[in-house]
Amino acid sequence: MSIKEILKGIEMFDGLTDSDLESVAAVCRPRQFQEGDVVAEQHSPGVEMFIIEDGFVEVVVDNSDDAARKVIVNLGSGQTVGEMSLVDQGPRSATVRAISSPTVVQVVSQADFERLCDENSRIGYVVMRNIAADLSFRLRQRLMSDKRG
């Protein structure tokens with residue numbers, strides 16, 4: 001499956017035209033990992049987003065208070081991690097590790113995405129709107145579950 005086809009299935013790119021998706025695909029850079037390799041380290045600067053093309057990763061939070069490691073989620077083909085790096089370059093909230101060999105991810109750097117948005121503001125608007133809608137949904141769900149619990 002082409003990277004453009006993978007992008008079509010990702011919610012944060014909903015509403016982009018085929019031409020827009022080709023532009024996004026053009027800033028994607030493939031990177032391959034083996035099982036156990038760290039894709040992104042917790043607390044490191046978030047300067048890249050990752051689109052899983054093939055294989056699987058786990059998202060793990062290390063809690064220094066009790067030295068516990070908690071697997072938050074496993075992700076596979078067509079899923080993304082590190083989207084917030086497109087918004088800011090804050091520290092990573094979790095470690096992402098490959099759990100299959102090979103795991104191929106498409107990397108989108110914050111700098112490349114920003115240049116793309118400067119060239120085509122519609123892409124930036126649509127993607128940022130989708131990211132904001134997803135964050136709003138997650139926050140609302142969390143607030144509602146906190147009220148019930």
# chains A, B, ... in the order shown; residues from 1 in each chain; ligands from 1
>>> residues_around(residues="A:Ala25", least_positions_apart="5", cutoff="12 Å", atoms="only C-alpha atoms", output="PDB file with N, CA and C atoms, in the first residue's frame")
ATOM      1  N   SER A   2       0.557   2.231  -0.789  1.00  0.00           N
ATOM      2  CA  SER A   2       1.357   3.454  -0.876  1.00  0.00           C
ATOM      3  C   SER A   2       1.129   4.319   0.369  1.00  0.00           C
ATOM      4  N   ILE A   3       2.078   5.203   0.627  1.00  0.00           N
ATOM      5  CA  ILE A   3       1.934   6.091   1.776  1.00  0.00           C
ATOM      6  C   ILE A   3       0.702   6.978   1.601  1.00  0.00           C
ATOM      7  N   LYS A   4       0.391   7.371   0.380  1.00  0.00           N
ATOM      8  CA  LYS A   4      -0.813   8.182   0.142  1.00  0.00           C
ATOM      9  C   LYS A   4      -2.064   7.414   0.554  1.00  0.00           C
ATOM     10  N   GLU A   5      -2.126   6.133   0.254  1.00  0.00           N
ATOM     11  CA  GLU A   5      -3.274   5.308   0.645  1.00  0.00           C
ATOM     12  C   GLU A   5      -3.353   5.184   2.164  1.00  0.00           C
ATOM     13  N   ILE A   6      -2.218   5.063   2.819  1.00  0.00           N
ATOM     14  CA  ILE A   6      -2.201   5.004   4.285  1.00  0.00           C
ATOM     15  C   ILE A   6      -2.711   6.326   4.858  1.00  0.00           C
ATOM     16  N   LEU A   7      -2.247   7.439   4.308  1.00  0.00           N
ATOM     17  CA  LEU A   7      -2.678   8.759   4.786  1.00  0.00           C
ATOM     18  C   LEU A   7      -4.185   8.936   4.660  1.00  0.00           C
ATOM     19  N   LYS A   8      -4.775   8.401   3.591  1.00  0.00           N
ATOM     20  CA  LYS A   8      -6.226   8.509   3.380  1.00  0.00           C
ATOM     21  C   LYS A   8      -7.016   7.912   4.536  1.00  0.00           C
ATOM     22  N   PHE A  13      -5.929  13.444   8.706  1.00  0.00           N
ATOM     23  CA  PHE A  13      -5.835  13.922   7.335  1.00  0.00           C
ATOM     24  C   PHE A  13      -7.186  13.925   6.621  1.00  0.00           C
ATOM     25  N   LEU A  16      -8.553  16.274   3.385  1.00  0.00           N
ATOM     26  CA  LEU A  16      -7.521  16.680   2.436  1.00  0.00           C
ATOM     27  C   LEU A  16      -7.818  16.068   1.065  1.00  0.00           C
ATOM     28  N   ASP A  18      -6.710  14.632  -2.800  1.00  0.00           N
ATOM     29  CA  ASP A  18      -5.642  13.738  -3.261  1.00  0.00           C
ATOM     30  C   ASP A  18      -4.340  14.509  -3.464  1.00  0.00           C
ATOM     31  N   SER A  19      -4.447  15.700  -4.009  1.00  0.00           N
ATOM     32  CA  SER A  19      -3.258  16.535  -4.218  1.00  0.00           C
ATOM     33  C   SER A  19      -2.613  16.918  -2.879  1.00  0.00           C
ATOM     34  N   ASP A  20      -3.448  17.258  -1.887  1.00  0.00           N
ATOM     35  CA  ASP A  20      -2.941  17.581  -0.543  1.00  0.00           C
ATOM     36  C   ASP A  20      -2.221  16.375   0.052  1.00  0.00           C
ATOM     37  N   PRO A  30      10.802   7.452   5.273  1.00  0.00           N
ATOM     38  CA  PRO A  30      10.733   6.121   5.890  1.00  0.00           C
ATOM     39  C   PRO A  30      11.916   5.861   6.818  1.00  0.00           C
ATOM     40  N   ILE A  51       4.114   7.781  11.472  1.00  0.00           N
ATOM     41  CA  ILE A  51       2.995   7.053  10.877  1.00  0.00           C
ATOM     42  C   ILE A  51       3.471   5.624  10.690  1.00  0.00           C
ATOM     43  N   GLN A 106       6.792   6.043   8.782  1.00  0.00           N
ATOM     44  CA  GLN A 106       7.022   7.236   7.985  1.00  0.00           C
ATOM     45  C   GLN A 106       7.147   8.391   8.978  1.00  0.00           C
ATOM     46  N   VAL A 107       8.223   9.139   8.876  1.00  0.00           N
ATOM     47  CA  VAL A 107       8.515  10.216   9.804  1.00  0.00           C
ATOM     48  C   VAL A 107       8.174  11.552   9.146  1.00  0.00           C
ATOM     49  N   VAL A 108       7.419  12.368   9.880  1.00  0.00           N
ATOM     50  CA  VAL A 108       7.110  13.726   9.434  1.00  0.00           C
ATOM     51  C   VAL A 108       7.713  14.666  10.466  1.00  0.00           C
ATOM     52  N   ASP A 112       9.477  20.202   8.508  1.00  0.00           N
ATOM     53  CA  ASP A 112       8.972  19.930   7.161  1.00  0.00           C
ATOM     54  C   ASP A 112       7.475  20.201   7.074  1.00  0.00           C
ATOM     55  N   PHE A 113       6.735  19.819   8.121  1.00  0.00           N
ATOM     56  CA  PHE A 113       5.292  20.049   8.111  1.00  0.00           C
ATOM     57  C   PHE A 113       4.988  21.539   8.139  1.00  0.00           C
ATOM     58  N   LEU A 116       5.498  22.908   4.726  1.00  0.00           N
ATOM     59  CA  LEU A 116       4.377  22.494   3.880  1.00  0.00           C
ATOM     60  C   LEU A 116       3.160  23.380   4.129  1.00  0.00           C
TER      61      LEU A 116
END
>>> residues_around(residues="A:Phe33", least_positions_apart="5", cutoff="7 Å", atoms="only C-alpha atoms", output="list in words")
Ala98, Ser101, Pro102, Thr103 and Val104 of chain A
>>> write_last_selection(atoms="C-alpha atoms", output="PDB file, in the first residue's frame")
ATOM      1  CA  ALA A  98       9.149  -1.263  18.012  1.00  0.00           C
ATOM      2  CA  SER A 101      10.826  -6.809  13.113  1.00  0.00           C
ATOM      3  CA  PRO A 102      10.918  -4.996  10.887  1.00  0.00           C
ATOM      4  CA  THR A 103       8.743  -2.043  11.858  1.00  0.00           C
ATOM      5  CA  VAL A 104       8.608   0.655   9.205  1.00  0.00           C
TER       6      VAL A 104
END
>>> closest_residue(among="A:Ser136, A:Val73, A:Arg92, A:Val27", to="A:Glu114", atoms="only C-alpha atoms")
A:Val27
>>> atom_distance(atom1="atom CA of A:Gly55", atom2="atom CA of A:Met12")
20.4 Å
>>> select_by_dssp(residues="stretch 59-130 of chain A", states="helix (DSSP H, G or I)", output="VMD selection string")
chain A and resid 83 to 86 110 to 119 121 to 130
>>> write_last_selection(atoms="C-alpha atoms", output="PDB file, in the first residue's frame")
ATOM      1  CA  GLU A  83       1.015  14.157  16.519  1.00  0.00           C
ATOM      2  CA  MET A  84       1.498  16.846  19.142  1.00  0.00           C
ATOM      3  CA  SER A  85       4.989  17.470  17.764  1.00  0.00           C
ATOM      4  CA  LEU A  86       3.271  19.085  14.773  1.00  0.00           C
ATOM      5  CA  GLN A 110       7.736  19.416  12.563  1.00  0.00           C
ATOM      6  CA  ALA A 111       9.973  21.655  10.424  1.00  0.00           C
ATOM      7  CA  ASP A 112       8.972  19.930   7.161  1.00  0.00           C
ATOM      8  CA  PHE A 113       5.292  20.049   8.111  1.00  0.00           C
ATOM      9  CA  GLU A 114       5.542  23.736   8.985  1.00  0.00           C
ATOM     10  CA  ARG A 115       7.147  24.467   5.587  1.00  0.00           C
ATOM     11  CA  LEU A 116       4.377  22.494   3.880  1.00  0.00           C
ATOM     12  CA  CYS A 117       1.737  24.519   5.726  1.00  0.00           C
ATOM     13  CA  ASP A 118       3.466  27.766   4.755  1.00  0.00           C
ATOM     14  CA  GLU A 119       3.206  26.656   1.124  1.00  0.00           C
ATOM     15  CA  SER A 121      -2.248  26.890   4.400  1.00  0.00           C
ATOM     16  CA  ARG A 122      -5.308  24.725   3.654  1.00  0.00           C
ATOM     17  CA  ILE A 123      -3.343  21.598   4.618  1.00  0.00           C
ATOM     18  CA  GLY A 124      -2.297  23.203   7.895  1.00  0.00           C
ATOM     19  CA  TYR A 125      -5.813  24.378   8.647  1.00  0.00           C
ATOM     20  CA  VAL A 126      -7.429  20.980   7.993  1.00  0.00           C
ATOM     21  CA  VAL A 127      -4.818  18.981   9.923  1.00  0.00           C
ATOM     22  CA  MET A 128      -4.761  21.362  12.899  1.00  0.00           C
ATOM     23  CA  ARG A 129      -8.587  21.439  12.985  1.00  0.00           C
ATOM     24  CA  ASN A 130      -8.620  17.630  13.056  1.00  0.00           C
TER      25      ASN A 130
END
>>> residues_around(residues="stretch 39-46 of chain A", least_positions_apart="3", cutoff="10 Å", atoms="only C-alpha atoms", output="number ranges by chain")
A: 31-34, 36, 49-50, 57-62, 81-98, 103, 105, 109-110
>>> write_last_selection(atoms="N, CA and C atoms", output="compact mmCIF listing (two decimals), in the first residue's frame")
# COMPACT_ATOMS: atom_id res chain seq x y z
N ARG A 31 11.62 5.16 7.90
CA ARG A 31 12.66 4.74 8.85
C ARG A 31 12.29 3.35 9.32
N GLN A 32 13.27 2.47 9.39
CA GLN A 32 13.02 1.08 9.78
C GLN A 32 13.62 0.78 11.15
N PHE A 33 12.88 0.00 11.94
CA PHE A 33 13.32 -0.38 13.28
C PHE A 33 13.19 -1.89 13.44
N GLN A 34 13.96 -2.42 14.36
CA GLN A 34 13.87 -3.83 14.72
C GLN A 34 13.22 -3.93 16.11
N GLY A 36 12.38 -4.03 19.73
CA GLY A 36 13.12 -3.50 20.87
C GLY A 36 13.74 -2.14 20.65
N MET A 49 6.60 13.42 14.04
CA MET A 49 5.43 12.56 14.17
C MET A 49 5.73 11.28 13.39
N PHE A 50 5.13 10.17 13.83
CA PHE A 50 5.38 8.88 13.19
C PHE A 50 4.08 8.25 12.70
N VAL A 57 4.25 -0.98 17.18
CA VAL A 57 4.99 -0.29 18.24
C VAL A 57 4.16 -0.34 19.51
N GLU A 58 4.85 -0.19 20.64
CA GLU A 58 4.15 -0.01 21.91
C GLU A 58 4.48 1.37 22.43
N VAL A 59 3.49 1.97 23.08
CA VAL A 59 3.67 3.28 23.70
C VAL A 59 3.71 3.03 25.20
N VAL A 60 4.83 3.41 25.82
CA VAL A 60 5.11 3.07 27.21
C VAL A 60 5.41 4.33 28.00
N VAL A 61 4.82 4.43 29.19
CA VAL A 61 5.12 5.52 30.10
C VAL A 61 5.91 4.96 31.27
N ASP A 62 7.09 5.54 31.50
CA ASP A 62 7.91 5.17 32.65
C ASP A 62 7.63 6.17 33.75
N VAL A 81 1.57 8.28 15.95
CA VAL A 81 2.00 8.62 17.30
C VAL A 81 2.89 9.85 17.20
N GLY A 82 2.78 10.73 18.19
CA GLY A 82 3.60 11.93 18.20
C GLY A 82 3.00 13.10 17.46
N GLU A 83 1.68 13.08 17.26
CA GLU A 83 1.02 14.16 16.52
C GLU A 83 1.23 15.52 17.15
N MET A 84 1.35 15.56 18.46
CA MET A 84 1.50 16.85 19.14
C MET A 84 2.78 17.56 18.73
N SER A 85 3.76 16.82 18.22
CA SER A 85 4.99 17.47 17.76
C SER A 85 4.73 18.38 16.58
N LEU A 86 3.61 18.18 15.86
CA LEU A 86 3.27 19.08 14.77
C LEU A 86 2.73 20.41 15.31
N VAL A 87 2.27 20.38 16.56
CA VAL A 87 1.70 21.57 17.18
C VAL A 87 2.77 22.32 17.98
N ASP A 88 3.53 21.58 18.75
CA ASP A 88 4.59 22.19 19.55
C ASP A 88 5.78 21.24 19.58
N GLN A 89 6.82 21.65 20.23
CA GLN A 89 8.01 20.78 20.35
C GLN A 89 8.25 20.43 21.81
N GLY A 90 7.15 20.23 22.53
CA GLY A 90 7.25 19.89 23.94
C GLY A 90 7.86 18.51 24.14
N PRO A 91 8.19 18.19 25.37
CA PRO A 91 8.80 16.89 25.65
C PRO A 91 7.82 15.75 25.40
N ARG A 92 8.34 14.63 24.94
CA ARG A 92 7.54 13.44 24.69
C ARG A 92 6.95 12.94 26.00
N SER A 93 5.68 12.56 25.97
CA SER A 93 5.01 12.08 27.18
C SER A 93 5.17 10.58 27.37
N ALA A 94 5.74 9.90 26.38
CA ALA A 94 5.91 8.45 26.47
C ALA A 94 7.05 8.01 25.57
N THR A 95 7.49 6.78 25.79
CA THR A 95 8.47 6.14 24.91
C THR A 95 7.73 5.29 23.92
N VAL A 96 8.19 5.31 22.67
CA VAL A 96 7.61 4.48 21.62
C VAL A 96 8.69 3.49 21.21
N ARG A 97 8.34 2.20 21.24
CA ARG A 97 9.31 1.14 20.97
C ARG A 97 8.74 0.16 19.96
N ALA A 98 9.57 -0.25 18.99
CA ALA A 98 9.15 -1.26 18.01
C ALA A 98 8.98 -2.60 18.73
N THR A 103 9.82 -3.02 11.74
CA THR A 103 8.74 -2.04 11.86
C THR A 103 9.17 -0.84 11.02
N VAL A 105 8.23 2.96 9.82
CA VAL A 105 7.42 4.14 10.09
C VAL A 105 7.77 5.22 9.08
N SER A 109 8.71 15.43 10.05
CA SER A 109 9.33 16.37 11.00
C SER A 109 8.45 17.61 11.14
N GLN A 110 8.50 18.20 12.30
CA GLN A 110 7.74 19.42 12.56
C GLN A 110 8.17 20.51 11.60
>>> select_by_dssp(residues="stretch 64-135 of chain A", states="strand (DSSP E or B)", output="PyMOL selection string")
chain A and resi 68-75+80-81+91+95-98+103-109
>>> residues_around(residues="A:Phe56", least_positions_apart="3", cutoff="6 Å", atoms="only C-alpha atoms", output="VMD selection string")
chain A and resid 75 to 76 99 to 100
>>> write_last_selection(atoms="C-alpha atoms", output="compact mmCIF listing (two decimals), in the first residue's frame")
# COMPACT_ATOMS: atom_id res chain seq x y z
CA LEU A 75 -0.25 0.57 17.50
CA GLY A 76 -0.02 -0.89 14.00
CA ILE A 99 7.67 -4.64 19.01
CA SER A 100 8.05 -6.40 15.66
>>> atom_distance(atom1="atom CA of A:Cys28", atom2="atom CA of A:Glu48")
10.3 Å
>>> decode(residues="stretch 2-97 of chain A", atoms="C-alpha atoms", output="PDB file, in the first residue's frame")
ATOM      1  CA  SER A   2       1.357   3.454  -0.876  1.00  0.00           C
ATOM      2  CA  ILE A   3       1.934   6.091   1.776  1.00  0.00           C
ATOM      3  CA  LYS A   4      -0.813   8.182   0.142  1.00  0.00           C
ATOM      4  CA  GLU A   5      -3.274   5.308   0.645  1.00  0.00           C
ATOM      5  CA  ILE A   6      -2.201   5.004   4.285  1.00  0.00           C
ATOM      6  CA  LEU A   7      -2.678   8.759   4.786  1.00  0.00           C
ATOM      7  CA  LYS A   8      -6.226   8.509   3.380  1.00  0.00           C
ATOM      8  CA  GLY A   9      -7.150   6.239   6.288  1.00  0.00           C
ATOM      9  CA  ILE A  10      -5.770   8.486   9.032  1.00  0.00           C
ATOM     10  CA  GLU A  11      -8.312  10.697  10.781  1.00  0.00           C
ATOM     11  CA  MET A  12      -6.015  13.701  11.142  1.00  0.00           C
ATOM     12  CA  PHE A  13      -5.835  13.922   7.335  1.00  0.00           C
ATOM     13  CA  ASP A  14      -9.630  13.708   6.784  1.00  0.00           C
ATOM     14  CA  GLY A  15     -10.759  16.426   4.414  1.00  0.00           C
ATOM     15  CA  LEU A  16      -7.521  16.680   2.436  1.00  0.00           C
ATOM     16  CA  THR A  17      -7.681  16.306  -1.333  1.00  0.00           C
ATOM     17  CA  ASP A  18      -5.642  13.738  -3.261  1.00  0.00           C
ATOM     18  CA  SER A  19      -3.258  16.535  -4.218  1.00  0.00           C
ATOM     19  CA  ASP A  20      -2.941  17.581  -0.543  1.00  0.00           C
ATOM     20  CA  LEU A  21      -2.230  13.976   0.456  1.00  0.00           C
ATOM     21  CA  GLU A  22       0.484  13.766  -2.204  1.00  0.00           C
ATOM     22  CA  SER A  23       2.059  16.887  -0.697  1.00  0.00           C
ATOM     23  CA  VAL A  24       1.972  15.335   2.783  1.00  0.00           C
ATOM     24  CA  ALA A  25       3.393  12.060   1.422  1.00  0.00           C
ATOM     25  CA  ALA A  26       6.263  14.041  -0.100  1.00  0.00           C
ATOM     26  CA  VAL A  27       7.452  15.166   3.363  1.00  0.00           C
ATOM     27  CA  CYS A  28       7.280  11.636   4.823  1.00  0.00           C
ATOM     28  CA  ARG A  29      10.619   9.896   5.346  1.00  0.00           C
ATOM     29  CA  PRO A  30      10.733   6.121   5.890  1.00  0.00           C
ATOM     30  CA  ARG A  31      12.656   4.744   8.848  1.00  0.00           C
ATOM     31  CA  GLN A  32      13.015   1.076   9.778  1.00  0.00           C
ATOM     32  CA  PHE A  33      13.316  -0.379  13.280  1.00  0.00           C
ATOM     33  CA  GLN A  34      13.871  -3.825  14.725  1.00  0.00           C
ATOM     34  CA  GLU A  35      12.038  -5.310  17.702  1.00  0.00           C
ATOM     35  CA  GLY A  36      13.122  -3.504  20.875  1.00  0.00           C
ATOM     36  CA  ASP A  37      14.430  -0.395  19.095  1.00  0.00           C
ATOM     37  CA  VAL A  38      13.309   2.932  20.549  1.00  0.00           C
ATOM     38  CA  VAL A  39      11.454   5.076  18.024  1.00  0.00           C
ATOM     39  CA  ALA A  40      11.021   8.035  20.408  1.00  0.00           C
ATOM     40  CA  GLU A  41      12.159   8.491  23.999  1.00  0.00           C
ATOM     41  CA  GLN A  42       9.982   9.841  26.818  1.00  0.00           C
ATOM     42  CA  HIS A  43      10.986  13.392  27.861  1.00  0.00           C
ATOM     43  CA  SER A  44      12.985  14.016  24.641  1.00  0.00           C
ATOM     44  CA  PRO A  45      11.942  16.977  22.457  1.00  0.00           C
ATOM     45  CA  GLY A  46       8.989  16.153  20.223  1.00  0.00           C
ATOM     46  CA  VAL A  47      10.181  17.183  16.779  1.00  0.00           C
ATOM     47  CA  GLU A  48       8.720  14.358  14.659  1.00  0.00           C
ATOM     48  CA  MET A  49       5.429  12.562  14.173  1.00  0.00           C
ATOM     49  CA  PHE A  50       5.382   8.876  13.192  1.00  0.00           C
ATOM     50  CA  ILE A  51       2.995   7.053  10.877  1.00  0.00           C
ATOM     51  CA  ILE A  52       3.234   3.290  11.230  1.00  0.00           C
ATOM     52  CA  GLU A  53       3.465   1.795   7.775  1.00  0.00           C
ATOM     53  CA  ASP A  54       4.267  -1.798   8.671  1.00  0.00           C
ATOM     54  CA  GLY A  55       4.779  -3.622  11.950  1.00  0.00           C
ATOM     55  CA  PHE A  56       3.861  -2.653  15.487  1.00  0.00           C
ATOM     56  CA  VAL A  57       4.988  -0.292  18.239  1.00  0.00           C
ATOM     57  CA  GLU A  58       4.148  -0.008  21.909  1.00  0.00           C
ATOM     58  CA  VAL A  59       3.667   3.283  23.703  1.00  0.00           C
ATOM     59  CA  VAL A  60       5.108   3.069  27.210  1.00  0.00           C
ATOM     60  CA  VAL A  61       5.119   5.522  30.104  1.00  0.00           C
ATOM     61  CA  ASP A  62       7.912   5.168  32.650  1.00  0.00           C
ATOM     62  CA  ASN A  63       6.837   6.508  36.023  1.00  0.00           C
ATOM     63  CA  SER A  64       9.971   7.520  37.897  1.00  0.00           C
ATOM     64  CA  ASP A  65       8.043   7.680  41.179  1.00  0.00           C
ATOM     65  CA  ASP A  66       7.663   3.923  41.441  1.00  0.00           C
ATOM     66  CA  ALA A  67       9.932   2.732  38.608  1.00  0.00           C
ATOM     67  CA  ALA A  68       6.871   1.150  37.001  1.00  0.00           C
ATOM     68  CA  ARG A  69       6.592   0.841  33.249  1.00  0.00           C
ATOM     69  CA  LYS A  70       3.075   1.006  31.887  1.00  0.00           C
ATOM     70  CA  VAL A  71       2.171   0.033  28.332  1.00  0.00           C
ATOM     71  CA  ILE A  72      -0.475   2.534  27.248  1.00  0.00           C
ATOM     72  CA  VAL A  73      -1.278   1.120  23.810  1.00  0.00           C
ATOM     73  CA  ASN A  74       0.045  -0.983  20.950  1.00  0.00           C
ATOM     74  CA  LEU A  75      -0.251   0.569  17.496  1.00  0.00           C
ATOM     75  CA  GLY A  76      -0.020  -0.893  13.997  1.00  0.00           C
ATOM     76  CA  SER A  77      -0.227  -0.045  10.343  1.00  0.00           C
ATOM     77  CA  GLY A  78      -2.135   3.149   9.560  1.00  0.00           C
ATOM     78  CA  GLN A  79      -1.905   4.546  13.075  1.00  0.00           C
ATOM     79  CA  THR A  80       0.059   7.576  14.249  1.00  0.00           C
ATOM     80  CA  VAL A  81       2.001   8.616  17.302  1.00  0.00           C
ATOM     81  CA  GLY A  82       3.604  11.932  18.205  1.00  0.00           C
ATOM     82  CA  GLU A  83       1.015  14.157  16.519  1.00  0.00           C
ATOM     83  CA  MET A  84       1.498  16.846  19.142  1.00  0.00           C
ATOM     84  CA  SER A  85       4.989  17.470  17.764  1.00  0.00           C
ATOM     85  CA  LEU A  86       3.271  19.085  14.773  1.00  0.00           C
ATOM     86  CA  VAL A  87       1.697  21.568  17.184  1.00  0.00           C
ATOM     87  CA  ASP A  88       4.593  22.187  19.551  1.00  0.00           C
ATOM     88  CA  GLN A  89       8.006  20.780  20.347  1.00  0.00           C
ATOM     89  CA  GLY A  90       7.250  19.895  23.945  1.00  0.00           C
ATOM     90  CA  PRO A  91       8.800  16.890  25.650  1.00  0.00           C
ATOM     91  CA  ARG A  92       7.538  13.439  24.689  1.00  0.00           C
ATOM     92  CA  SER A  93       5.006  12.081  27.176  1.00  0.00           C
ATOM     93  CA  ALA A  94       5.907   8.449  26.469  1.00  0.00           C
ATOM     94  CA  THR A  95       8.475   6.144  24.915  1.00  0.00           C
ATOM     95  CA  VAL A  96       7.614   4.475  21.615  1.00  0.00           C
ATOM     96  CA  ARG A  97       9.313   1.137  20.969  1.00  0.00           C
TER      97      ARG A  97
END
